[in-house]
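Here's the structure we're looking at; comments come further down.
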Amino acid sequence: MAQGIPDELLTNSDLIKELAEEAKDSALTRGVLMRLQETPNSSEVVSFAPFTLFPTPVPKAVFLQALAVQTHYNTLVDKISQDADFLQEALTSTIAVDDFTARLFKIHQQILKEGRSQTIVLGLNRSDYMLDQRENGTSSLKQIEINTIAASFGGLSSHTPGLHRHILEMASRLEESQRILDNNPAAGLAKAIAKVWELYGSEKAVIMFLVEEIQRNVFDQRYIEYELLKRNIHSIRRRFDNVFKTGSLDQDKRLFVDGKEVAVVYFRNGYMPQNYTSEQSWDARVLMERSRAVKCPDISTHLAGTKKVQQVLARPGVLERFFPDQPQVVEQIRATFAGLYTLDTGPEGDQTVAMALAAPERFVLKPQREGGGNNIYGSELCQVLEQVKDSTERTAYILMDKIHPTPVRNYLVRQDSPLKISNCLSELGVFGAYIRQGKDMVMNECAGHLLRTKSSEHSDGGVAAGVAVLDNPLLF
Ligand code: ADP
Ligand code: MG
């Protein structure tokens with residue numbers, strides 16, 4: 001293909017082998033790193049984070065469209081988080097059957113009842129898209145989901161542009177090398193955290209990264225931490241159990257953990273049921289939510305990112321509720337929606353079931369889960385739907401049109417894995433950062449991008465799940 005990497009390069013196996021070896025060194029020296037699966041909590045021996053050998057062509061217009069809509073998505077997520085009636089309506093059928101979402105919702109209700117003790121809100125999200133190929137050869141931007149909690153790879157993707165430039169220079173592809181965009185989500189995300197730290201207004205207070213038990217992706221987070229340190233803002237890394245054991249609130253509901261006042265809790269954990277290993281994890285979450293620390297995200301913003309909310313937003317008239325006098329904003333956001341369908345009980349949900357069973361290959365069945373590997377496709381989709389279609393259990397899922405990106409040939413470079421050419425599909429993520437203080441938006445920005453690419457053999461899964469790898473867009 002004209003815009004991308006020419007076939008003569010892709011098929012030059014000696015050169016490819018040489019480039020891949022060189023690329024691994026380049027990734028390591030540039031800090032595109034990940035801990036080993038066998039030793040996820042040790043930095044004694046680490047490897048490179050998986051990446052594509054070449055960047056992937058992405059149409060410029062579609063890329064710019066994704067950047068341009070991001071501040072509107074920020075506003076939308078924030079408005080949803082403040083609309084208790086909407087969240088209640090949207091999530092009622094889900095929480096009736098999904099214990100995890102129900103539990104989160106209960107905390108949200110508890111906080112509403114007690115009153116929020118912090119008027120500053122920090123949102124760091126990532127809206128993910130695939131480019132659906134149209135019949136006329138162009139492609140359209142379709143949102144896969146928006147992640148309002150623990151959106152990752154802002155740190156590592158700040159270091160991959162240099163890696164791809166280096167590889168292309170080695171391959172004497174200077175023109176393409178110069179087309180790789182700068183990208184620094186680590187700085188963009190840290191800028192928002194730093195601003196919130198200032199607004200919180202306590203010199204000694206720290207940022208607390210709430211981290212997982214298994215911390216393979218620690219380096220991704222470190223880059224944000226180091227950006228903060230440049231501004232003399234200190235961070236600590238703690239797990240739920242640390243917060244449970246040493247966390248407390250003073251009479252002003254200031255959060256102290258290990259004796260340190262916490263200005264911001266930055267959740268890089270807590271998005272899936274397995275993250276809550278005991279009741280103590282839930283107690284720790286409640287303690288943080290009740291505190292005066294700024295939560296990124298707070299519990300309501302976490303819920304705003306559920307797949308059920310995404311489906312409800314696609315219903316006629318719903319976006320207008322949030323942007324009553326801004327038809328252009330509504331149009332810009334709606335243009336990125338794929339078909340999304342309810343499985344709530346009733347005739348509309350019945351119609352969804354019939355439609356999915358008649359043509360399962362056209363759809364993806366999604367439970368209210370995050371973290372990759374949960375979606376259901378093809379014959380399994382039929383099996384699951386047949387099982388749940390006559391019970392309320394079906395409301396734990398939504399149905400979505402399957403997006404078909406154009407496959408691009410590339411090599412996935414990963415540790416201990418043979419180098420072979422694959423048909424690849426990419427997913428573009430755009431980072432958003434916003435701050436609201438009371439009623440005022442004091443920051444609303446697009447903070448960078450992420451391209452992840454996987455072999456088309458896999459229908460699901462991200463980088464952490466071992467399926468996708470880091471990539472860069474090559475605009476044309
Ligand atoms: P998660 O919260 O688990 O990340 P996603 O909605 O992002 O859930 O889905 C996981 C993966 O499944 C995506 O990264 C993408 O590869 C694939 N996927 C999800 N939705 C679709 C869709 N509508 N069409 C095609 N692939 C999809
Ligand atoms: Mg996802």
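Naming scheme: A, B, ... for chains in displayed order of the structure tokens; residues 1 onward per chain; ligands 1 onward as shown.
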
Report as a Markdown table the residues of chain A within 8 Å of ligand 2, each with its shortest atom pair and distance in Å (one decimal), using only C-alpha atoms and all ligand atoms, ordered by chain and increasing residue number.
| residue | atom | partner | partner_atom_place_in_ligand_line | distance |
| --- | --- | --- | --- | --- |
| A:Asp128 | CA | ligand 2 | 1 (Mg) | 6.8 |
| A:Ile144 | CA | ligand 2 | 1 (Mg) | 7.0 |
| A:Glu145 | CA | ligand 2 | 1 (Mg) | 6.1 |
| A:Ile146 | CA | ligand 2 | 1 (Mg) | 7.6 |
| A:Asn147 | CA | ligand 2 | 1 (Mg) | 7.1 |
| A:Glu370 | CA | ligand 2 | 1 (Mg) | 6.7 |
| A:Gly371 | CA | ligand 2 | 1 (Mg) | 6.5 |
| A:Gly372 | CA | ligand 2 | 1 (Mg) | 6.0 |
| A:Gly461 | CA | ligand 2 | 1 (Mg) | 7.4 |
| A:Gly462 | CA | ligand 2 | 1 (Mg) | 6.8 |

Grab the residues selected above and save them as a PDB file, in the first residue's frame with N, CA and C atoms.
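New file result-v2.pdb:
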ATOM      1  N   ASP A 128     -11.379   4.878  23.023  1.00  0.00           N
ATOM      2  CA  ASP A 128     -10.776   3.959  22.045  1.00  0.00           C
ATOM      3  C   ASP A 128     -11.651   3.812  20.805  1.00  0.00           C
ATOM      4  N   ILE A 144     -14.978   2.239  20.324  1.00  0.00           N
ATOM      5  CA  ILE A 144     -15.104   0.906  20.922  1.00  0.00           C
ATOM      6  C   ILE A 144     -15.608   1.056  22.354  1.00  0.00           C
ATOM      7  N   GLU A 145     -14.974   1.916  23.112  1.00  0.00           N
ATOM      8  CA  GLU A 145     -15.411   2.178  24.492  1.00  0.00           C
ATOM      9  C   GLU A 145     -14.658   3.400  24.987  1.00  0.00           C
ATOM     10  N   ILE A 146     -15.091   3.931  26.141  1.00  0.00           N
ATOM     11  CA  ILE A 146     -14.291   4.963  26.802  1.00  0.00           C
ATOM     12  C   ILE A 146     -13.912   4.428  28.177  1.00  0.00           C
ATOM     13  N   ASN A 147     -12.633   4.568  28.502  1.00  0.00           N
ATOM     14  CA  ASN A 147     -12.128   4.082  29.794  1.00  0.00           C
ATOM     15  C   ASN A 147     -12.016   5.274  30.735  1.00  0.00           C
ATOM     16  N   GLU A 370     -14.278  -4.727  32.270  1.00  0.00           N
ATOM     17  CA  GLU A 370     -13.143  -4.021  31.670  1.00  0.00           C
ATOM     18  C   GLU A 370     -11.936  -4.952  31.726  1.00  0.00           C
ATOM     19  N   GLY A 371     -10.921  -4.593  30.959  1.00  0.00           N
ATOM     20  CA  GLY A 371      -9.648  -5.286  31.111  1.00  0.00           C
ATOM     21  C   GLY A 371      -9.353  -6.306  30.030  1.00  0.00           C
ATOM     22  N   GLY A 372     -10.239  -6.447  29.043  1.00  0.00           N
ATOM     23  CA  GLY A 372      -9.955  -7.311  27.905  1.00  0.00           C
ATOM     24  C   GLY A 372     -10.344  -8.757  28.120  1.00  0.00           C
ATOM     25  N   GLY A 461      -8.917  -8.356  23.402  1.00  0.00           N
ATOM     26  CA  GLY A 461      -7.742  -8.304  24.271  1.00  0.00           C
ATOM     27  C   GLY A 461      -6.791  -7.168  23.994  1.00  0.00           C
ATOM     28  N   GLY A 462      -6.219  -6.611  25.043  1.00  0.00           N
ATOM     29  CA  GLY A 462      -5.313  -5.480  24.945  1.00  0.00           C
ATOM     30  C   GLY A 462      -3.862  -5.889  25.112  1.00  0.00           C
TER      31      GLY A 462
END

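Within 8 Å of segment 93-106 of chain A there are Met272, Pro273, Ile299, Leu303, Lys308, Asp344, Gln368, Thr392, Glu393, Thr395, Ala396 and Tyr397 of chain A, counting only C-alpha atoms and ignoring same-chain residues fewer than 6 positions away.
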
Closest atom pairs, residues of chain A within 9 Å of ligand 1, only C-alpha atoms and all ligand atoms, as a Markdown table:
| residue | atom | partner | partner_atom_place_in_ligand_line | distance |
| --- | --- | --- | --- | --- |
| A:Asp128 | CA | ligand 1 | 7 (O) | 7.1 |
| A:Tyr129 | CA | ligand 1 | 14 (O) | 8.6 |
| A:Met130 | CA | ligand 1 | 25 (C) | 7.4 |
| A:Asp132 | CA | ligand 1 | 24 (N) | 8.8 |
| A:Lys142 | CA | ligand 1 | 23 (N) | 8.3 |
| A:Gln143 | CA | ligand 1 | 23 (N) | 8.0 |
| A:Ile144 | CA | ligand 1 | 20 (N) | 5.0 |
| A:Glu145 | CA | ligand 1 | 6 (O) | 5.1 |
| A:Ile146 | CA | ligand 1 | 7 (O) | 7.9 |
| A:Asn147 | CA | ligand 1 | 2 (O) | 7.3 |
| A:Thr306 | CA | ligand 1 | 2 (O) | 8.7 |
| A:Lys307 | CA | ligand 1 | 6 (O) | 7.6 |
| A:Ala338 | CA | ligand 1 | 23 (N) | 7.2 |
| A:Gly339 | CA | ligand 1 | 23 (N) | 8.4 |
| A:Leu340 | CA | ligand 1 | 23 (N) | 8.7 |
| A:Arg362 | CA | ligand 1 | 24 (N) | 8.8 |
| A:Phe363 | CA | ligand 1 | 23 (N) | 6.9 |
| A:Val364 | CA | ligand 1 | 23 (N) | 5.7 |
| A:Leu365 | CA | ligand 1 | 20 (N) | 8.4 |
| A:Lys366 | CA | ligand 1 | 6 (O) | 7.2 |
| A:Pro367 | CA | ligand 1 | 8 (O) | 8.8 |
| A:Gln368 | CA | ligand 1 | 2 (O) | 8.1 |
| A:Arg369 | CA | ligand 1 | 2 (O) | 5.7 |
| A:Glu370 | CA | ligand 1 | 2 (O) | 3.2 |
| A:Gly371 | CA | ligand 1 | 3 (O) | 4.1 |
| A:Gly372 | CA | ligand 1 | 3 (O) | 3.1 |
| A:Gly373 | CA | ligand 1 | 3 (O) | 5.8 |
| A:Asn374 | CA | ligand 1 | 3 (O) | 5.8 |
| A:Asn375 | CA | ligand 1 | 12 (O) | 6.3 |
| A:Ile376 | CA | ligand 1 | 12 (O) | 8.9 |
| A:Leu399 | CA | ligand 1 | 23 (N) | 8.5 |
| A:Met400 | CA | ligand 1 | 23 (N) | 5.3 |
| A:Asp401 | CA | ligand 1 | 23 (N) | 5.1 |
| A:Lys402 | CA | ligand 1 | 24 (N) | 3.5 |
| A:Ile403 | CA | ligand 1 | 24 (N) | 3.8 |
| A:His404 | CA | ligand 1 | 25 (C) | 6.3 |
| A:Pro405 | CA | ligand 1 | 25 (C) | 8.1 |
| A:Leu425 | CA | ligand 1 | 16 (O) | 8.1 |
| A:Ser426 | CA | ligand 1 | 16 (O) | 7.9 |
| A:Glu427 | CA | ligand 1 | 14 (O) | 6.7 |
| A:Arg452 | CA | ligand 1 | 14 (O) | 8.5 |
| A:Thr453 | CA | ligand 1 | 16 (O) | 8.6 |
| A:Lys454 | CA | ligand 1 | 16 (O) | 7.7 |
| A:His458 | CA | ligand 1 | 16 (O) | 7.8 |
| A:Ser459 | CA | ligand 1 | 17 (C) | 5.7 |
| A:Asp460 | CA | ligand 1 | 12 (O) | 3.7 |
| A:Gly461 | CA | ligand 1 | 11 (C) | 4.8 |
| A:Gly462 | CA | ligand 1 | 14 (O) | 5.5 |
| A:Val463 | CA | ligand 1 | 14 (O) | 9.0 |
| A:Val467 | CA | ligand 1 | 16 (O) | 9.0 |
| A:Ala468 | CA | ligand 1 | 16 (O) | 8.1 |

Quiz prompt | Within 10 Å of Asp252 of chain A using only C-alpha atoms, minus same-chain residues under 6 positions, as a ChimeraX atom specification | solution = /A:117,291-292

Could you turn the residues from that selection into a file that holds C-alpha atoms, as a PDB file, in the first residue's frame?
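See part_20.pdb below for the written result:
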ATOM      1  CA  SER A 117     -16.470  16.116  50.543  1.00  0.00           C
ATOM      2  CA  SER A 291     -12.336  11.416  51.773  1.00  0.00           C
ATOM      3  CA  ARG A 292     -11.471  14.931  50.730  1.00  0.00           C
TER       4      ARG A 292
END

Exercise. Please provide the set of residues having any atom within 7 Å of Ser281 of chain A, restricted to only C-alpha atoms, with same-chain residues fewer than 4 positions apart removed, written as number ranges by chain.
Key: A: 240-241, 244, 276-277, 285

If you keep N, CA, C and O atoms, can you produce a file of those selected residues as a PDB file, in the first residue's frame?
ATOM      1  N   PHE A 240      -4.777  -1.642  47.677  1.00  0.00           N
ATOM      2  CA  PHE A 240      -5.968  -1.556  48.532  1.00  0.00           C
ATOM      3  C   PHE A 240      -5.645  -1.973  49.969  1.00  0.00           C
ATOM      4  O   PHE A 240      -6.085  -1.344  50.922  1.00  0.00           O
ATOM      5  N   ASP A 241      -4.882  -3.074  50.120  1.00  0.00           N
ATOM      6  CA  ASP A 241      -4.649  -3.567  51.484  1.00  0.00           C
ATOM      7  C   ASP A 241      -3.802  -2.586  52.297  1.00  0.00           C
ATOM      8  O   ASP A 241      -3.998  -2.450  53.507  1.00  0.00           O
ATOM      9  N   PHE A 244      -6.233  -0.016  53.422  1.00  0.00           N
ATOM     10  CA  PHE A 244      -7.083  -0.550  54.489  1.00  0.00           C
ATOM     11  C   PHE A 244      -6.345  -0.520  55.833  1.00  0.00           C
ATOM     12  O   PHE A 244      -6.893  -0.118  56.851  1.00  0.00           O
ATOM     13  N   TYR A 276     -10.655  -6.583  43.733  1.00  0.00           N
ATOM     14  CA  TYR A 276     -11.109  -6.467  45.132  1.00  0.00           C
ATOM     15  C   TYR A 276     -10.972  -7.856  45.755  1.00  0.00           C
ATOM     16  O   TYR A 276     -11.867  -8.677  45.674  1.00  0.00           O
ATOM     17  N   THR A 277      -9.794  -8.080  46.355  1.00  0.00           N
ATOM     18  CA  THR A 277      -9.487  -9.442  46.782  1.00  0.00           C
ATOM     19  C   THR A 277     -10.189  -9.814  48.082  1.00  0.00           C
ATOM     20  O   THR A 277     -10.249 -10.980  48.428  1.00  0.00           O
ATOM     21  N   ARG A 285     -11.827   1.236  49.335  1.00  0.00           N
ATOM     22  CA  ARG A 285     -12.421   2.066  48.262  1.00  0.00           C
ATOM     23  C   ARG A 285     -13.392   3.085  48.864  1.00  0.00           C
ATOM     24  O   ARG A 285     -13.370   4.272  48.517  1.00  0.00           O
TER      25      ARG A 285
END

Running DSSP on the backbone, which parts of segment 44-201 of chain A land in strand (DSSP E or B), as a JSON list (two decimals) with N, CA, C and O atoms, in the first residue's frame?
[["chain", "number", "residue", "atom", "x", "y", "z"],
["A", 46, "VAL", "N", 14.01, -7.34, 33.38],
["A", 46, "VAL", "CA", 12.78, -6.91, 32.69],
["A", 46, "VAL", "C", 13.00, -7.04, 31.19],
["A", 46, "VAL", "O", 14.09, -7.36, 30.73],
["A", 47, "SER", "N", 11.93, -6.82, 30.42],
["A", 47, "SER", "CA", 12.04, -6.93, 28.97],
["A", 47, "SER", "C", 11.43, -5.69, 28.32],
["A", 47, "SER", "O", 10.96, -4.79, 29.02],
["A", 48, "PHE", "N", 11.45, -5.69, 26.98],
["A", 48, "PHE", "CA", 10.79, -4.59, 26.26],
["A", 48, "PHE", "C", 9.29, -4.87, 26.25],
["A", 48, "PHE", "O", 8.87, -6.03, 26.29],
["A", 51, "PHE", "N", 5.80, -4.52, 20.70],
["A", 51, "PHE", "CA", 5.53, -3.41, 19.77],
["A", 51, "PHE", "C", 5.49, -3.94, 18.34],
["A", 51, "PHE", "O", 5.98, -5.03, 18.05],
["A", 52, "THR", "N", 4.92, -3.14, 17.44],
["A", 52, "THR", "CA", 4.95, -3.50, 16.02],
["A", 52, "THR", "C", 6.30, -3.08, 15.46],
["A", 52, "THR", "O", 6.88, -2.08, 15.89],
["A", 56, "THR", "N", 1.66, 2.03, 11.70],
["A", 56, "THR", "CA", 0.51, 1.64, 10.89],
["A", 56, "THR", "C", -0.14, 2.87, 10.25],
["A", 56, "THR", "O", -0.40, 3.85, 10.95],
["A", 57, "PRO", "N", -0.40, 2.80, 8.93],
["A", 57, "PRO", "CA", -1.03, 3.94, 8.27],
["A", 57, "PRO", "C", -2.42, 4.24, 8.86],
["A", 57, "PRO", "O", -3.22, 3.32, 9.06],
["A", 58, "VAL", "N", -2.66, 5.50, 9.16],
["A", 58, "VAL", "CA", -3.96, 5.95, 9.67],
["A", 58, "VAL", "C", -4.31, 7.23, 8.90],
["A", 58, "VAL", "O", -3.47, 8.13, 8.79],
["A", 120, "ILE", "N", -13.54, 19.31, 43.77],
["A", 120, "ILE", "CA", -12.65, 19.22, 42.61],
["A", 120, "ILE", "C", -12.73, 17.81, 42.03],
["A", 120, "ILE", "O", -12.66, 16.83, 42.76],
["A", 121, "VAL", "N", -12.90, 17.74, 40.72],
["A", 121, "VAL", "CA", -12.94, 16.45, 40.04],
["A", 121, "VAL", "C", -11.82, 16.41, 39.01],
["A", 121, "VAL", "O", -11.62, 17.37, 38.26],
["A", 122, "LEU", "N", -11.09, 15.30, 38.98],
["A", 122, "LEU", "CA", -10.04, 15.10, 37.97],
["A", 122, "LEU", "C", -10.42, 13.91, 37.10],
["A", 122, "LEU", "O", -10.61, 12.81, 37.61],
["A", 123, "GLY", "N", -10.55, 14.13, 35.82],
["A", 123, "GLY", "CA", -10.85, 13.04, 34.89],
["A", 123, "GLY", "C", -9.67, 12.81, 33.96],
["A", 123, "GLY", "O", -9.21, 13.73, 33.28],
["A", 124, "LEU", "N", -9.16, 11.59, 33.96],
["A", 124, "LEU", "CA", -8.14, 11.17, 32.98],
["A", 124, "LEU", "C", -8.72, 9.95, 32.29],
["A", 124, "LEU", "O", -8.85, 8.90, 32.91],
["A", 125, "ASN", "N", -9.12, 10.09, 31.05],
["A", 125, "ASN", "CA", -9.77, 8.97, 30.38],
["A", 125, "ASN", "C", -9.09, 8.65, 29.05],
["A", 125, "ASN", "O", -8.19, 9.38, 28.62],
["A", 126, "ARG", "N", -9.51, 7.57, 28.45],
["A", 126, "ARG", "CA", -9.01, 7.24, 27.10],
["A", 126, "ARG", "C", -10.17, 6.70, 26.28],
["A", 126, "ARG", "O", -10.79, 5.71, 26.67],
["A", 127, "SER", "N", -10.46, 7.38, 25.19],
["A", 127, "SER", "CA", -11.53, 6.94, 24.30],
["A", 127, "SER", "C", -10.90, 6.10, 23.20],
["A", 127, "SER", "O", -9.98, 6.58, 22.51],
["A", 128, "ASP", "N", -11.38, 4.88, 23.02],
["A", 128, "ASP", "CA", -10.78, 3.96, 22.04],
["A", 128, "ASP", "C", -11.65, 3.81, 20.81],
["A", 128, "ASP", "O", -12.88, 3.72, 20.92],
["A", 129, "TYR", "N", -11.00, 3.73, 19.66],
["A", 129, "TYR", "CA", -11.72, 3.65, 18.39],
["A", 129, "TYR", "C", -11.11, 2.60, 17.48],
["A", 129, "TYR", "O", -9.92, 2.31, 17.56],
["A", 130, "MET", "N", -11.95, 2.09, 16.58],
["A", 130, "MET", "CA", -11.43, 1.35, 15.43],
["A", 130, "MET", "C", -11.95, 2.06, 14.19],
["A", 130, "MET", "O", -12.98, 2.73, 14.24],
["A", 131, "LEU", "N", -11.23, 1.88, 13.09],
["A", 131, "LEU", "CA", -11.64, 2.54, 11.85],
["A", 131, "LEU", "C", -12.39, 1.52, 11.00],
["A", 131, "LEU", "O", -11.80, 0.57, 10.49],
["A", 132, "ASP", "N", -13.69, 1.73, 10.89],
["A", 132, "ASP", "CA", -14.55, 0.80, 10.17],
["A", 132, "ASP", "C", -14.41, 1.06, 8.67],
["A", 132, "ASP", "O", -14.58, 2.19, 8.22],
["A", 133, "GLN", "N", -14.09, 0.00, 7.91],
["A", 133, "GLN", "CA", -13.91, 0.25, 6.48],
["A", 133, "GLN", "C", -15.25, 0.34, 5.78],
["A", 133, "GLN", "O", -16.14, -0.46, 5.99],
["A", 139, "SER", "N", -12.64, 5.10, 5.51],
["A", 139, "SER", "CA", -12.98, 4.46, 6.77],
["A", 139, "SER", "C", -13.58, 5.47, 7.73],
["A", 139, "SER", "O", -13.34, 6.67, 7.61],
["A", 140, "SER", "N", -14.38, 4.97, 8.65],
["A", 140, "SER", "CA", -15.01, 5.90, 9.58],
["A", 140, "SER", "C", -14.67, 5.52, 11.02],
["A", 140, "SER", "O", -14.53, 4.35, 11.38],
["A", 141, "LEU", "N", -14.54, 6.58, 11.83],
["A", 141, "LEU", "CA", -14.09, 6.45, 13.20],
["A", 141, "LEU", "C", -15.24, 5.94, 14.06],
["A", 141, "LEU", "O", -16.27, 6.61, 14.17],
["A", 142, "LYS", "N", -15.07, 4.79, 14.70],
["A", 142, "LYS", "CA", -16.13, 4.25, 15.56],
["A", 142, "LYS", "C", -15.57, 3.96, 16.95],
["A", 142, "LYS", "O", -14.58, 3.24, 17.10],
["A", 143, "GLN", "N", -16.24, 4.49, 17.95],
["A", 143, "GLN", "CA", -15.77, 4.28, 19.32],
["A", 143, "GLN", "C", -16.00, 2.84, 19.75],
["A", 143, "GLN", "O", -17.09, 2.29, 19.57],
["A", 144, "ILE", "N", -14.98, 2.24, 20.32],
["A", 144, "ILE", "CA", -15.10, 0.91, 20.92],
["A", 144, "ILE", "C", -15.61, 1.06, 22.35],
["A", 144, "ILE", "O", -16.57, 0.41, 22.77],
["A", 145, "GLU", "N", -14.97, 1.92, 23.11],
["A", 145, "GLU", "CA", -15.41, 2.18, 24.49],
["A", 145, "GLU", "C", -14.66, 3.40, 24.99],
["A", 145, "GLU", "O", -13.68, 3.84, 24.39],
["A", 146, "ILE", "N", -15.09, 3.93, 26.14],
["A", 146, "ILE", "CA", -14.29, 4.96, 26.80],
["A", 146, "ILE", "C", -13.91, 4.43, 28.18],
["A", 146, "ILE", "O", -14.73, 3.84, 28.88],
["A", 147, "ASN", "N", -12.63, 4.57, 28.50],
["A", 147, "ASN", "CA", -12.13, 4.08, 29.79],
["A", 147, "ASN", "C", -12.02, 5.27, 30.73],
["A", 147, "ASN", "O", -11.21, 6.17, 30.49],
["A", 180, "ILE", "N", 6.24, 10.30, 11.70],
["A", 180, "ILE", "CA", 5.79, 9.80, 13.01],
["A", 180, "ILE", "C", 5.59, 11.01, 13.93],
["A", 180, "ILE", "O", 6.49, 11.83, 14.10]]

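Restricting the calculation to only C-alpha atoms, the smallest distance between Val430 of chain A and any of A:His449, A:Arg134, A:Arg414, A:Arg334 is found for A:His449.
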
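Shortest separation to Arg315 of chain A among A:Glu22, A:Glu227, A:Asp258, A:Glu348 occurs at residue A:Glu348, atoms counted being only C-alpha atoms.
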
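Our summary of the geometry notes that atom CA of Gln178 of chain A is positioned 7.2 Å from atom CA of Arg165 of chain A.
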
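Within segment 206-247 of chain A, the backbone-based DSSP assignment of helix (DSSP H, G or I) covers Val218, Phe219, Asp220, Gln221, Arg222, Tyr223, Ile224, Glu225, Tyr226, Glu227, Leu228, Leu229, Lys230, Phe240, Asp241, Asn242, Val243, Phe244, Lys245 and Thr246 of chain A.
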
Filtering to C-alpha atoms, could you give me those residues as a compact mmCIF listing (two decimals), in the first residue's frame?
# COMPACT_ATOMS: atom_id res chain seq x y z
CA VAL A 218 4.87 -0.33 36.48
CA PHE A 219 7.07 1.57 34.01
CA ASP A 220 4.04 2.97 32.22
CA GLN A 221 3.02 4.55 35.53
CA ARG A 222 6.53 5.64 36.51
CA TYR A 223 6.70 8.08 33.58
CA ILE A 224 3.74 9.97 35.01
CA GLU A 225 5.28 9.87 38.47
CA TYR A 226 8.56 11.32 37.13
CA GLU A 227 6.73 14.12 35.31
CA LEU A 228 5.18 15.03 38.65
CA LEU A 229 8.54 14.90 40.39
CA LYS A 230 9.89 17.46 37.91
CA PHE A 240 -5.97 -1.56 48.53
CA ASP A 241 -4.65 -3.57 51.48
CA ASN A 242 -2.10 -0.83 52.36
CA VAL A 243 -4.91 1.71 52.38
CA PHE A 244 -7.08 -0.55 54.49
CA LYS A 245 -4.32 -1.07 57.05
CA THR A 246 -2.83 2.41 57.33

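One finds atom CA of Leu15 of chain A at 14.4 Å from atom CA of His166 of chain A.
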
Self-check item: Shortest interatomic distance to Asp182 of chain A - which of A:Ser157, A:Ser43, A:Asn410, A:Gln383, counting only C-alpha atoms
Solution: A:Ser157

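Minimum atom-to-atom distance to Leu470 of chain A, evaluated using only C-alpha atoms, belongs to A:Thr160 out of A:Ser379, A:Ser391, A:Ser177, A:Thr160.
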